[in-house]
Structures are given as C-alpha cells and as structure tokens.
$ cat upload_0.cif   # mmCIF, C-alpha atoms and all ligand atoms
data_model
loop_
_atom_site.label_atom_id
_atom_site.label_comp_id
_atom_site.auth_asym_id
_atom_site.auth_seq_id
_atom_site.Cartn_x
_atom_site.Cartn_y
_atom_site.Cartn_z
CA MET A 11 -37.75 34.93 -92.58
CA GLN A 12 -38.46 38.30 -91.00
CA PHE A 13 -39.50 38.92 -87.43
CA PRO A 14 -41.19 42.30 -87.56
CA SER A 15 -42.17 42.16 -83.90
CA ARG A 16 -38.54 42.05 -82.76
CA GLY A 17 -38.05 45.73 -83.51
CA ASN A 18 -35.83 47.56 -85.96
CA TRP A 19 -33.62 50.62 -86.21
CA SER A 20 -35.39 53.53 -87.82
CA GLY A 21 -32.51 53.79 -90.29
CA ALA A 22 -28.79 53.62 -90.87
CA VAL A 23 -28.02 56.70 -88.75
CA GLY A 24 -29.76 55.29 -85.68
CA PHE A 25 -27.98 51.99 -86.16
CA VAL A 26 -24.53 53.52 -86.60
CA LEU A 27 -25.00 55.73 -83.52
CA ALA A 28 -26.13 52.78 -81.41
CA ALA A 29 -23.25 50.57 -82.54
CA MET A 30 -20.84 53.45 -81.96
CA GLY A 31 -22.40 53.89 -78.52
CA SER A 32 -21.70 50.26 -77.73
CA ALA A 33 -18.11 50.62 -78.91
CA VAL A 34 -17.36 53.95 -77.23
CA GLY A 35 -17.08 53.13 -73.56
CA LEU A 36 -14.84 53.22 -70.54
CA GLY A 37 -12.23 51.43 -72.65
CA ASN A 38 -11.83 54.51 -74.82
CA VAL A 39 -11.43 57.04 -72.09
CA TRP A 40 -9.07 55.39 -69.65
CA ARG A 41 -7.47 52.35 -71.19
CA TYR A 42 -6.69 53.69 -74.63
CA PRO A 43 -4.89 56.93 -73.61
CA TYR A 44 -2.88 55.04 -71.05
CA ILE A 45 -1.59 52.31 -73.34
CA THR A 46 -0.92 54.86 -76.03
CA GLY A 47 1.39 56.66 -73.64
CA GLN A 48 3.02 53.45 -72.59
CA TYR A 49 3.69 52.16 -76.08
CA GLY A 50 5.17 55.16 -77.79
CA GLY A 51 2.48 57.75 -78.51
CA ALA A 52 1.90 58.55 -82.15
CA ALA A 53 3.66 55.39 -83.28
CA PHE A 54 1.15 53.35 -81.32
CA ILE A 55 -1.76 55.38 -82.65
CA LEU A 56 -0.75 54.47 -86.21
CA LEU A 57 -0.35 50.84 -85.27
CA TYR A 58 -3.75 50.87 -83.56
CA ILE A 59 -5.43 52.38 -86.62
CA GLY A 60 -3.80 49.64 -88.71
CA CYS A 61 -5.24 46.96 -86.38
CA VAL A 62 -8.68 48.53 -86.46
CA LEU A 63 -8.68 48.55 -90.26
CA ALA A 64 -7.16 45.10 -90.80
CA ILE A 65 -8.86 43.17 -87.97
CA GLY A 66 -11.53 45.33 -86.33
CA VAL A 67 -13.46 46.40 -89.40
CA PRO A 68 -13.56 42.92 -91.03
CA LEU A 69 -14.83 41.41 -87.76
CA LEU A 70 -17.35 44.18 -87.31
CA MET A 71 -18.62 43.44 -90.81
CA ALA A 72 -18.74 39.72 -90.01
CA GLU A 73 -20.86 40.29 -86.88
CA PHE A 74 -23.18 42.72 -88.66
CA LEU A 75 -23.51 40.27 -91.55
CA ILE A 76 -24.43 37.31 -89.35
CA GLY A 77 -26.96 39.44 -87.47
CA ARG A 78 -28.52 41.03 -90.51
CA LYS A 79 -28.70 37.74 -92.39
CA THR A 80 -30.50 35.86 -89.63
CA GLN A 81 -32.32 38.71 -87.83
CA ARG A 82 -31.65 36.81 -84.63
CA ASN A 83 -29.76 36.93 -81.34
CA PRO A 84 -26.28 35.29 -81.34
CA VAL A 85 -27.49 31.82 -80.30
CA GLY A 86 -30.45 31.89 -82.68
CA ALA A 87 -28.25 33.20 -85.48
CA PHE A 88 -25.83 30.26 -85.44
CA ARG A 89 -28.73 27.86 -84.98
CA ALA A 90 -30.51 29.33 -88.01
CA LEU A 91 -27.41 29.19 -90.20
CA ARG A 92 -26.10 25.76 -89.15
CA PRO A 93 -28.89 23.89 -87.34
CA GLY A 94 -27.67 21.20 -84.97
CA SER A 95 -23.99 22.07 -85.32
CA PRO A 96 -21.57 22.97 -82.51
CA TRP A 97 -21.24 26.50 -83.95
CA VAL A 98 -24.14 27.41 -81.69
CA LEU A 99 -21.64 27.33 -78.81
CA THR A 100 -20.19 30.54 -80.24
CA GLY A 101 -23.54 32.18 -79.55
CA TRP A 102 -23.66 30.77 -76.04
CA LEU A 103 -20.16 31.98 -75.35
CA GLY A 104 -21.35 35.45 -76.34
CA ILE A 105 -24.34 35.40 -73.99
CA VAL A 106 -22.13 34.25 -71.11
CA ALA A 107 -19.52 36.90 -71.94
CA GLY A 108 -22.25 39.54 -71.91
CA PHE A 109 -23.25 38.55 -68.37
CA VAL A 110 -19.65 38.47 -67.18
CA ILE A 111 -18.67 41.81 -68.73
CA LEU A 112 -21.78 43.69 -67.65
CA SER A 113 -21.48 42.45 -64.07
CA TYR A 114 -18.09 44.09 -63.46
CA TYR A 115 -18.34 46.86 -66.07
CA GLY A 116 -21.49 47.90 -64.22
CA VAL A 117 -19.54 48.24 -60.98
CA VAL A 118 -16.94 50.51 -62.61
CA ALA A 119 -19.73 52.47 -64.33
CA GLY A 120 -21.28 52.78 -60.85
CA TRP A 121 -18.05 54.40 -59.63
CA VAL A 122 -18.45 56.89 -62.47
CA LEU A 123 -21.94 57.73 -61.20
CA HIS A 124 -20.52 58.29 -57.72
CA TYR A 125 -17.97 60.67 -59.23
CA VAL A 126 -20.73 62.56 -61.03
CA TYR A 127 -22.26 62.97 -57.59
CA LEU A 128 -18.92 64.04 -56.04
CA SER A 129 -18.44 66.57 -58.85
CA ALA A 130 -21.97 67.89 -58.43
CA ILE A 131 -21.46 68.56 -54.71
CA ASN A 132 -18.11 70.19 -55.50
CA ALA A 133 -16.18 67.64 -53.44
CA PHE A 134 -12.92 68.09 -55.35
CA ALA A 135 -12.61 71.87 -54.90
CA GLY A 136 -9.48 72.64 -52.91
CA ALA A 137 -8.94 68.99 -51.99
CA SER A 138 -5.35 67.85 -51.67
CA PRO A 139 -4.07 64.85 -53.67
CA ASP A 140 -4.17 62.79 -50.47
CA GLN A 141 -7.77 63.72 -49.83
CA ILE A 142 -8.65 62.76 -53.40
CA ALA A 143 -6.91 59.41 -53.05
CA ALA A 144 -8.87 58.94 -49.82
CA MET A 145 -12.15 59.53 -51.69
CA PHE A 146 -11.40 56.64 -54.02
CA ALA A 147 -10.25 54.43 -51.16
CA ALA A 148 -13.44 55.27 -49.26
CA LEU A 149 -15.54 54.24 -52.23
CA SER A 150 -13.55 51.03 -52.82
CA SER A 151 -14.03 49.91 -49.25
CA ASN A 152 -17.70 50.91 -49.00
CA HIS A 153 -19.53 47.87 -50.35
CA ILE A 154 -23.02 49.17 -49.73
CA LEU A 155 -22.28 52.37 -51.62
CA GLN A 156 -20.89 50.46 -54.59
CA ILE A 157 -23.88 48.13 -54.64
CA PHE A 158 -26.15 51.16 -54.47
CA TRP A 159 -24.51 52.76 -57.53
CA LEU A 160 -24.48 49.45 -59.38
CA MET A 161 -28.21 49.27 -58.75
CA ILE A 162 -28.78 52.79 -60.07
CA LEU A 163 -26.69 51.99 -63.12
CA MET A 164 -28.63 48.80 -63.81
CA LEU A 165 -31.94 50.63 -63.34
CA LEU A 166 -30.87 53.24 -65.91
CA THR A 167 -29.76 50.49 -68.30
CA ILE A 168 -32.97 48.49 -67.85
CA GLY A 169 -34.99 51.70 -68.24
CA VAL A 170 -33.61 52.15 -71.75
CA VAL A 171 -33.61 48.51 -72.88
CA VAL A 172 -37.18 47.89 -71.74
CA ARG A 173 -38.42 50.58 -74.15
CA GLY A 174 -37.29 48.52 -77.11
CA VAL A 175 -34.94 48.86 -80.03
CA SER A 176 -36.00 52.06 -81.72
CA SER A 177 -37.75 53.99 -78.97
CA GLY A 178 -35.38 52.88 -76.20
CA ILE A 179 -31.91 51.96 -77.40
CA GLU A 180 -31.86 54.12 -80.52
CA THR A 181 -33.38 57.17 -78.83
CA GLY A 182 -31.03 56.82 -75.86
CA ASN A 183 -28.02 56.75 -78.18
CA LYS A 184 -29.34 59.59 -80.30
CA ILE A 185 -29.43 61.76 -77.20
CA MET A 186 -26.29 60.58 -75.41
CA MET A 187 -23.84 60.20 -78.30
CA PRO A 188 -24.08 63.75 -79.70
CA LEU A 189 -23.83 65.13 -76.14
CA LEU A 190 -20.79 62.95 -75.58
CA PHE A 191 -19.11 64.44 -78.65
CA VAL A 192 -19.98 67.99 -77.60
CA LEU A 193 -18.60 67.44 -74.09
CA LEU A 194 -15.47 65.82 -75.50
CA LEU A 195 -14.78 68.71 -77.86
CA GLY A 196 -15.45 71.26 -75.12
CA LEU A 197 -13.07 69.49 -72.75
CA MET A 198 -10.45 69.28 -75.48
CA VAL A 199 -10.57 73.01 -76.16
CA TYR A 200 -10.28 73.60 -72.44
CA ALA A 201 -7.39 71.14 -72.00
CA ALA A 202 -5.50 72.76 -74.89
CA GLN A 203 -5.29 75.98 -72.88
CA THR A 204 -3.82 74.46 -69.74
CA PRO A 205 -0.06 74.87 -69.10
CA GLY A 206 0.65 71.17 -69.62
CA ALA A 207 -0.94 71.10 -73.07
CA ALA A 208 2.37 71.12 -74.94
CA THR A 209 3.90 68.36 -72.80
CA GLY A 210 0.72 66.31 -73.02
CA LEU A 211 0.59 66.61 -76.79
CA ASP A 212 4.26 65.82 -77.03
CA PHE A 213 3.75 62.72 -74.87
CA LEU A 214 0.97 61.57 -77.19
CA LEU A 215 2.24 62.68 -80.54
CA HIS A 216 5.99 62.28 -80.39
CA PRO A 217 6.48 58.85 -81.94
CA LYS A 218 8.76 56.67 -79.87
CA TRP A 219 9.36 53.96 -82.43
CA GLU A 220 11.70 52.02 -80.16
CA LYS A 221 8.77 51.18 -77.87
CA LEU A 222 6.94 49.41 -80.66
CA GLY A 223 7.57 45.70 -80.58
CA PRO A 224 5.58 42.53 -81.09
CA ILE A 225 3.94 42.98 -77.69
CA ALA A 226 2.73 46.45 -78.65
CA VAL A 227 1.11 44.93 -81.74
CA LEU A 228 -0.73 42.39 -79.63
CA GLU A 229 -1.80 45.04 -77.14
CA ALA A 230 -3.13 47.14 -79.99
CA LEU A 231 -5.06 44.19 -81.37
CA GLY A 232 -6.54 43.27 -78.00
CA GLN A 233 -7.54 46.87 -77.37
CA ALA A 234 -9.14 47.12 -80.83
CA LEU A 235 -11.27 44.04 -80.11
CA PHE A 236 -12.42 45.26 -76.71
CA SER A 237 -12.98 48.80 -77.83
CA LEU A 238 -15.12 47.80 -80.81
CA SER A 239 -17.24 45.49 -78.59
CA LEU A 240 -16.26 42.51 -80.73
CA GLY A 241 -16.22 38.81 -79.96
CA MET A 242 -19.43 38.35 -78.00
CA GLY A 243 -22.21 38.93 -80.45
CA ALA A 244 -23.12 42.45 -79.31
CA MET A 245 -22.68 43.55 -82.89
CA ILE A 246 -24.53 40.46 -84.17
CA THR A 247 -27.45 41.52 -81.98
CA TYR A 248 -27.36 45.14 -83.16
CA GLY A 249 -26.93 43.95 -86.77
CA SER A 250 -30.02 41.79 -86.39
CA TYR A 251 -32.22 44.89 -86.19
CA LEU A 252 -30.74 46.24 -89.39
CA SER A 253 -32.59 46.35 -92.68
CA ARG A 254 -31.08 44.74 -95.72
CA ASP A 255 -30.53 47.93 -97.69
CA THR A 256 -27.73 49.17 -95.45
CA SER A 257 -24.12 48.84 -96.58
CA LEU A 258 -22.10 46.79 -94.11
CA VAL A 259 -18.83 48.30 -95.27
CA LYS A 260 -19.95 51.88 -94.75
CA CYS A 261 -21.55 51.24 -91.37
CA SER A 262 -18.51 49.35 -90.10
CA LEU A 263 -16.16 52.10 -91.22
CA PHE A 264 -18.27 54.78 -89.53
CA VAL A 265 -18.48 52.85 -86.27
CA ALA A 266 -14.75 52.11 -86.25
CA ALA A 267 -13.87 55.70 -87.14
CA GLY A 268 -16.12 57.15 -84.41
CA ASP A 269 -14.76 54.78 -81.80
CA THR A 270 -11.14 55.47 -82.71
CA LEU A 271 -11.68 59.22 -82.86
CA VAL A 272 -13.16 59.28 -79.35
CA ALA A 273 -10.24 57.24 -78.04
CA ILE A 274 -7.64 59.55 -79.61
CA LEU A 275 -9.45 62.73 -78.54
CA ALA A 276 -9.79 61.38 -74.99
CA GLY A 277 -5.99 61.30 -74.88
CA PHE A 278 -5.95 64.97 -75.87
CA VAL A 279 -8.14 65.73 -72.85
CA VAL A 280 -6.48 63.49 -70.30
CA PHE A 281 -2.75 64.09 -70.87
CA PRO A 282 -2.64 67.90 -70.99
CA LEU A 283 -4.43 67.89 -67.61
CA VAL A 284 -2.17 65.17 -66.23
CA PHE A 285 0.98 67.04 -67.23
CA SER A 286 -0.32 70.45 -66.17
CA PHE A 287 -0.20 69.21 -62.59
CA GLY A 288 2.92 67.10 -62.81
CA LEU A 289 0.90 63.95 -62.22
CA GLU A 290 1.89 60.45 -63.19
CA PRO A 291 0.18 59.13 -66.34
CA SER A 292 -0.48 56.05 -64.18
CA VAL A 293 -2.29 52.81 -64.83
CA GLY A 294 -5.90 52.02 -65.55
CA PRO A 295 -8.98 53.25 -63.73
CA GLY A 296 -6.81 55.08 -61.21
CA LEU A 297 -6.07 57.65 -63.87
CA ILE A 298 -9.70 58.64 -64.09
CA PHE A 299 -10.71 58.36 -60.48
CA GLN A 300 -7.58 59.45 -58.67
CA THR A 301 -5.47 61.50 -61.03
CA MET A 302 -7.99 63.54 -63.00
CA PRO A 303 -9.82 64.91 -59.92
CA ILE A 304 -6.48 66.29 -58.67
CA ALA A 305 -6.36 68.38 -61.81
CA PHE A 306 -10.04 69.35 -61.45
CA ALA A 307 -9.39 70.44 -57.86
CA GLN A 308 -6.94 73.10 -59.00
CA LEU A 309 -8.26 74.19 -62.36
CA PRO A 310 -10.14 77.42 -62.91
CA GLY A 311 -13.71 76.38 -63.60
CA GLY A 312 -12.80 72.93 -62.29
CA TYR A 313 -16.32 72.38 -61.02
CA TRP A 314 -17.77 72.40 -64.52
CA VAL A 315 -14.84 70.56 -66.07
CA ALA A 316 -15.17 67.75 -63.55
CA LEU A 317 -18.91 67.55 -64.03
CA ALA A 318 -18.58 67.53 -67.83
CA PHE A 319 -15.89 64.86 -67.67
CA PHE A 320 -17.82 62.45 -65.47
CA VAL A 321 -21.11 63.03 -67.28
CA LEU A 322 -19.28 62.24 -70.53
CA LEU A 323 -17.98 59.02 -68.97
CA THR A 324 -21.49 58.18 -67.78
CA PHE A 325 -22.85 58.46 -71.31
CA ALA A 326 -19.96 56.41 -72.68
CA ALA A 327 -20.55 53.69 -70.09
CA LEU A 328 -24.33 53.67 -70.34
CA THR A 329 -24.47 53.32 -74.13
CA SER A 330 -22.20 50.27 -73.70
CA THR A 331 -24.10 48.68 -70.81
CA ILE A 332 -27.31 49.01 -72.83
CA SER A 333 -25.83 46.93 -75.63
CA LEU A 334 -24.47 44.36 -73.19
CA LEU A 335 -27.90 43.84 -71.61
CA GLU A 336 -29.57 43.74 -75.03
CA VAL A 337 -27.61 40.64 -76.09
CA ALA A 338 -29.08 38.46 -73.35
CA CYS A 339 -32.51 40.07 -73.72
CA ALA A 340 -32.57 39.33 -77.46
CA TYR A 341 -31.88 35.67 -76.73
CA PHE A 342 -34.71 35.32 -74.22
CA ILE A 343 -37.11 37.30 -76.40
CA ASP A 344 -36.34 35.38 -79.62
CA GLU A 345 -35.76 31.89 -78.30
CA GLN A 346 -37.76 31.66 -75.09
CA GLY A 347 -40.68 33.81 -76.12
CA TRP A 348 -40.25 36.23 -73.19
CA SER A 349 -41.72 39.71 -73.39
CA ARG A 350 -39.20 42.55 -73.55
CA ARG A 351 -40.39 43.77 -70.18
CA ARG A 352 -39.84 40.40 -68.53
CA ALA A 353 -36.46 39.90 -70.23
CA SER A 354 -35.07 43.32 -69.29
CA TRP A 355 -36.11 43.20 -65.64
CA THR A 356 -35.21 39.56 -65.02
CA LEU A 357 -31.86 39.64 -66.78
CA GLY A 358 -31.00 43.10 -65.51
CA GLY A 359 -31.79 41.85 -61.99
CA ALA A 360 -29.70 38.71 -62.47
CA ILE A 361 -26.73 40.73 -63.70
CA PHE A 362 -27.08 43.09 -60.75
CA LEU A 363 -26.79 40.09 -58.41
CA LEU A 364 -23.82 38.74 -60.37
CA GLY A 365 -22.18 42.16 -60.04
CA ILE A 366 -22.35 42.19 -56.24
CA PRO A 367 -19.19 40.05 -55.73
CA SER A 368 -17.29 42.51 -57.96
CA ALA A 369 -18.53 45.34 -55.76
CA LEU A 370 -17.37 43.50 -52.64
CA GLY A 371 -13.74 43.15 -53.55
CA GLY A 372 -11.41 44.33 -56.28
CA GLU A 373 -10.01 40.87 -56.80
CA PHE A 374 -13.22 39.39 -58.10
CA LEU A 375 -13.66 42.36 -60.42
CA ASP A 376 -10.14 41.82 -61.80
CA PHE A 377 -10.86 38.14 -62.23
CA MET A 378 -14.05 38.80 -64.21
CA ASP A 379 -12.24 41.40 -66.31
CA SER A 380 -9.41 39.06 -67.12
CA LEU A 381 -11.82 36.18 -67.81
CA ALA A 382 -13.70 38.29 -70.34
CA THR A 383 -10.93 40.24 -72.04
CA ASN A 384 -8.24 37.57 -72.04
CA TYR A 385 -10.29 34.48 -72.77
CA LEU A 386 -13.96 34.90 -73.68
CA LEU A 387 -13.65 37.80 -76.14
CA PRO A 388 -10.58 36.63 -78.13
CA CYS A 389 -12.02 33.11 -78.24
CA GLY A 390 -15.43 34.37 -79.38
CA ALA A 391 -13.86 36.64 -81.97
CA LEU A 392 -11.80 33.77 -83.37
CA LEU A 393 -14.87 31.54 -83.65
CA ILE A 394 -16.85 34.31 -85.34
CA ALA A 395 -14.03 34.91 -87.84
CA LEU A 396 -13.68 31.19 -88.57
CA PHE A 397 -17.41 30.76 -88.95
CA THR A 398 -17.75 33.69 -91.32
CA GLY A 399 -14.63 32.86 -93.31
CA TRP A 400 -14.82 29.08 -93.41
CA GLY A 401 -18.16 27.96 -91.92
CA LEU A 402 -20.26 30.01 -94.32
CA SER A 403 -20.02 29.21 -98.00
CA HIS A 404 -18.65 31.71 -100.46
CA ASN A 405 -22.15 32.17 -101.84
CA GLU A 406 -23.79 32.72 -98.48
CA ARG A 407 -21.24 35.40 -97.68
CA ARG A 408 -21.47 37.06 -101.04
CA THR A 409 -25.25 37.07 -101.31
CA GLU A 410 -25.63 38.83 -97.96
CA PHE A 411 -22.76 41.22 -98.62
CA TYR A 412 -24.03 42.18 -102.08
CA LEU A 413 -27.52 43.10 -100.83
CA ALA A 414 -26.49 46.68 -100.25
CA ASP A 415 -22.98 46.81 -101.62
CA ALA A 416 -22.31 45.03 -104.92
CA SER A 417 -18.61 45.69 -105.09
CA THR A 418 -16.37 42.78 -106.06
CA VAL A 419 -13.24 44.57 -104.91
CA ARG A 420 -14.58 45.31 -101.44
CA PHE A 421 -16.03 41.82 -101.11
CA ARG A 422 -12.77 40.14 -102.15
CA GLY A 423 -10.69 42.35 -99.87
CA TRP A 424 -12.91 41.60 -96.91
CA SER A 425 -12.98 37.86 -97.66
CA ILE A 426 -9.19 37.68 -97.62
CA LEU A 427 -9.00 39.59 -94.35
CA ILE A 428 -11.68 37.58 -92.55
CA ARG A 429 -10.46 34.19 -93.82
CA PHE A 430 -6.73 34.58 -93.31
CA VAL A 431 -5.52 37.76 -91.64
CA THR A 432 -8.07 38.00 -88.82
CA PRO A 433 -7.88 34.37 -87.62
CA VAL A 434 -4.08 34.38 -87.61
CA ALA A 435 -3.98 37.66 -85.70
CA LEU A 436 -6.52 36.34 -83.19
CA VAL A 437 -4.60 33.14 -82.57
CA LEU A 438 -1.54 35.28 -81.85
CA ILE A 439 -3.45 37.47 -79.37
CA PHE A 440 -4.79 34.39 -77.71
CA LEU A 441 -1.34 32.89 -77.27
CA HIS A 442 -0.15 36.23 -75.93
CA GLN A 443 -3.01 36.40 -73.43
CA LEU A 444 -2.17 32.89 -72.28
CA ARG A 445 1.43 34.07 -71.80
CA ILE A 446 2.67 31.54 -74.35
CA LEU A 447 3.84 34.32 -76.64
N1 LIG B 1 -16.40 48.58 -76.11
C1 LIG B 1 -16.63 48.87 -74.73
C2 LIG B 1 -15.61 49.91 -74.27
O1 LIG B 1 -14.75 50.31 -74.99
C3 LIG B 1 -16.54 47.66 -73.84
C4 LIG B 1 -17.07 46.39 -74.38
C5 LIG B 1 -16.39 45.28 -74.65
C6 LIG B 1 -18.36 46.11 -74.75
N2 LIG B 1 -17.19 44.31 -75.17
C7 LIG B 1 -18.39 44.81 -75.24
C8 LIG B 1 -19.49 46.86 -74.73
C9 LIG B 1 -19.56 44.27 -75.73
C10 LIG B 1 -20.64 46.32 -75.19
C11 LIG B 1 -20.68 45.04 -75.70
O2 LIG B 1 -15.65 50.30 -73.14
#

$ encode --input "upload_0.cif" --output "structure tokens"
Amino acid sequence: MQFPSRGNWSGAVGFVLAAMGSAVGLGNVWRYPYITGQYGGAAFILLYIGCVLAIGVPLLMAEFLIGRKTQRNPVGAFRALRPGSPWVLTGWLGIVAGFVILSYYGVVAGWVLHYVYLSAINAFAGASPDQIAAMFAALSSNHILQIFWLMILMLLTIGVVVRGVSSGIETGNKIMMPLLFVLLLGLMVYAAQTPGAATGLDFLLHPKWEKLGPIAVLEALGQALFSLSLGMGAMITYGSYLSRDTSLVKCSLFVAAGDTLVAILAGFVVFPLVFSFGLEPSVGPGLIFQTMPIAFAQLPGGYWVALAFFVLLTFAALTSTISLLEVACAYFIDEQGWSRRRASWTLGGAIFLLGIPSALGGEFLDFMDSLATNYLLPCGALLIALFTGWGLSHNERRTEFYLADASTVRFRGWSILIRFVTPVALVLIFLHQLRIL
C-alpha cells in the first residue's frame, strides 16, 4: 500500500540530510566532547566509532526498514506489520518519548536562542567570568524569559513542520545542515589558531587507555543511541517517507558518519577554546553556556565567533526538534486523519505546555531528561531490535532489504548484528542505566 498524500522526500540526498539533521543536535556539541574528555580522548573516540558501527548503524537500518516497508508512523507501522499484537506498544512508547524529549530539549534549545540574542547584542564583550556565570543564573531563574524562548523555538519548529515533508522539513534541513557544516569548519580553523589549540588537541587525541573500562563502553553505547536519535521511531518516521529504491545500508552509513564527524569536530572547536583560557572542561550544558562565552569574551573577533557558535547550535537543535515534532504529527495525520496544519499546531502547542514545567525548574528538566535517555530510549531501542531481528520473519526482512541492495553479505552481517549483538548490548546499557551494572 502506498500513501502518496503523506508526502515524500525528493530523493536520497534530502532524506540523508534530514536524518542527519535529526541526529546532529545538542548531544553532539556539548555532551559528546565532554564525555570524550572524561573517558580518555582518542581511545574513547575509537570505542565510540565501534559502537556506532556495531549497534548504531544496524538499529538505524532497522528503523529505516520498518518505516520504508510500512510507509507509516511508528504506531501505524507496528500495527500494519503485526495487527492486534502488543508490538504496537513500541510505537506508542516512541510517540510518548517524542513528547517527553521535545518538551525539555525545547527548553534547552530556547536557552540557545537566548544566547544567540546575547551574542548579537555583544553582551559577552569584556565580561568577567563572574558576570558570564551571572548571565546564565539570570536566565535559569527567569521563568518568563525561558517560556518566551521555548515559545519562539516551538513556533520555528511548527513553522517548518507545517509546510510538510519535502517543502518544509527537507528544505529546512537543506538550508540549515550545509550552513552548520560551514560554521563548524570556520570555527575549527579559528580554534586551531588559539594558544590552547595544542593542549586541547592533546586532551582529545592523546589516548588514555587506562580510563577505558566497562562503564566507558556503556557510556559510548548510550551516547551513540541518543546521538543517532534512535529508540523512539524518529527514524521510522523519516524512513516512512523514503522511496523503495534507496539503499538502507548506504543511507545509514552516511547518517552515522555525518553525525559522528560533527561530534568529533565539535570537540576540536570546544577544547582549544577551553584550554586557551585555562577553563575547566566541566560538565554538560554549563560548558556551552558558561564556559564558552568566557572564551568569546576575550577572543579577538569574539563577537563573530560567539554568534557563529550559537547560530550553529540553533541549527543543530532546530533540525532535531523538527524531527521530534514530526513523529507525533505523522501519527495524528496517518491514524486520526488530521490535516498537517491541525496536527502541527495542536501538537506543537501541547508540547509547549508540557515544556513549561521544565522551564520553571531545573529539577523537572533533569527528570524528563533522565526518563527519556535512561528508560524510554534504551527500552524502545531494545524493542525495535527484537522486533526486527525476531518479530519479523527472515523473508520479510530480506525482501525489504533487497529492494535496493541485493547483497547477501551485507544482509547476513546486518542480520547477525540486529538479532544478537544489538539486543545484548542494549540489555547491558539498560542494566547500567538502572544502576544494576
Ligand atoms: N540526536 C539528538 C542530539 O544528538 C537528540 C535526540 C535524541 C533526538 N532522540 C531523538 C532528536 C529523537 C530527534 C529525535 O541532540
């Protein structure tokens, strides 16, 4: 069955850029560099690439395959493949996860918008580290301001999603993703000339093998899942607009490579700046909002560097929020017969309301983050792997796989990974998240 009215990508390039846009997000720019530093630099990068190839790519292919095969949203996809079975809960879990993630991710993306504004009015110039810390504190305690930026962020997201798959989402990604790469490369060249470049590179590239342990492996796996937007059907949804003549292997490899490259390059921007000013490569969002502006305040041309950095982050965040909103929209369009206009505005509005508690206090935001990354995503990813590897028959898997890629070797390799390696790895992450391991 085909649903021509649902919309389609104009081709493989548009699809790959959009999926890469979903994957490349705030997770790449702050979380990845920071954990790389913490877990031994280059050694961790190699481990991470291993996880992306062994777990990320097979799962990406699984989500694309389910989407392309059914041409449906996550709930509709499981319903179409196994009518009346509990597998449909996997789809529901994805829709719920999309709401949860977007509600708090939108608040953090709203902070990024505020920092674009602060950069534009040259607020960092000559500011002392204390003044810069005070700017973040002022934002954190100003609920109205955070709600305002969350609203702007949601309006931008809705504005893209409402225009549909090819003229909205694809066009948005085709503009923002190349600009993101240009800004990233420009910032990298700049960072390489700062005095801390050598220390920063050493911090990232000097392999500290002793820091690699079982926990580092689990961290790398968890990060790979989050960074590739896996486990909640975002990639099922994007795969559902894909035509059958596109190779799943190639697309998945491109998306994973682009996402990983941005993460690694982000480290090459962040750490030279951090070390040039003797700053702490500290934890999480603080690195972006509190530490980086200290560097911008003192750098020659800091005004433009700051602006480029936060605009880059805005593009990274926006291409991800678009895909998060699209998951829920696809469900209401496919299954409830809503128009795209009604779905985007209603769901975007609902998610805005759900985001307000996260804007009111950091604790709720942390709770939503932990709920999504520690429970919903690993659980969803495990169910998707089990469904693809064991729920679908060998023939169902092969027929869909072979449509654009009739390679026995690649099919066999993927089957082994998705049936055995991925589920075992996911169970281990899950136990780790639950503090059992
Ligand atoms: N991959 C995004 C990032 O790195 C975050 C994310 C996680 C996401 N799950 C998602 C984005 C699902 C879109 C859809 O920041």

$ axis_aligned_box --input "upload_0.cif" --around "ligand LIG 1 (chain B)" --padding-each-side "4 Å" --output "lines of an AutoDock Vina configuration file"
center_x = -17.7
center_y = 47.3
center_z = -74.6
size_x = 13.9
size_y = 14.0
size_z = 11.0

$ closest_residue --input "upload_0.cif" --among "A:Gly196, A:Gly116, A:Gly60, A:Gly347" --to "Val315 in chain A" --atoms "only C-alpha atoms"
A:Gly196

$ residues_near_ligand --input "upload_0.cif" --ligand "ligand LIG 1 (chain B)" --cutoff "7 Å" --atoms "only C-alpha atoms and all ligand atoms" --output "number ranges by chain"
A: 32-38, 108, 236-240, 242, 244, 327, 330-331, 333-334

$ residues_around --input "upload_0.cif" --residues "range 300-304 of chain A" --least-positions-apart "2" --cutoff "8 Å" --atoms "only C-alpha atoms" --output "VMD selection string"
chain A and resid 134 137 to 139 142 to 143 146 280 283 to 284 287 289 to 290 296 to 298 306 to 308 316

$ residues_near_point --input "upload_0.cif" --point "(-14.3, 57.3, -85.8)" --cutoff "12 Å" --atoms "all atoms listed in the file" --output "number ranges by chain"
A: 26-27, 29-31, 33-34, 38, 59, 62-63, 67, 191, 237-238, 260-275

$ residues_around --input "upload_0.cif" --residues "Asn384 in chain A" --least-positions-apart "3" --cutoff "6 Å" --atoms "all atoms listed in the file" --output "ChimeraX atom specification"
/A:380-381,443

$ atom_distance --input "upload_0.cif" --atom1 "CA of Met378 in chain A" --atom2 "CA of Phe342 in chain A"
23.2 Å

$ atom_distance --input "upload_0.cif" --atom1 "CA of Leu375 in chain A" --atom2 "CA of Gly358 in chain A"
18.1 Å

$ closest_residue --input "upload_0.cif" --among "A:Gly390, A:Gly47, A:Pro68, A:Pro84" --to "Ser250 in chain A" --atoms "all atoms listed in the file"
A:Pro84

$ residues_around --input "upload_0.cif" --residues "Glu220 in chain A" --least-positions-apart "2" --cutoff "10 Å" --atoms "only C-alpha atoms" --output "JSON, numbers by chain"
{"A": [49, 50, 53, 217, 218, 222, 223]}

$ closest_residue --input "upload_0.cif" --among "A:Ala234, A:Ile45, A:Leu438, A:Leu258" --to "Leu413 in chain A" --atoms "all atoms listed in the file"
A:Leu258
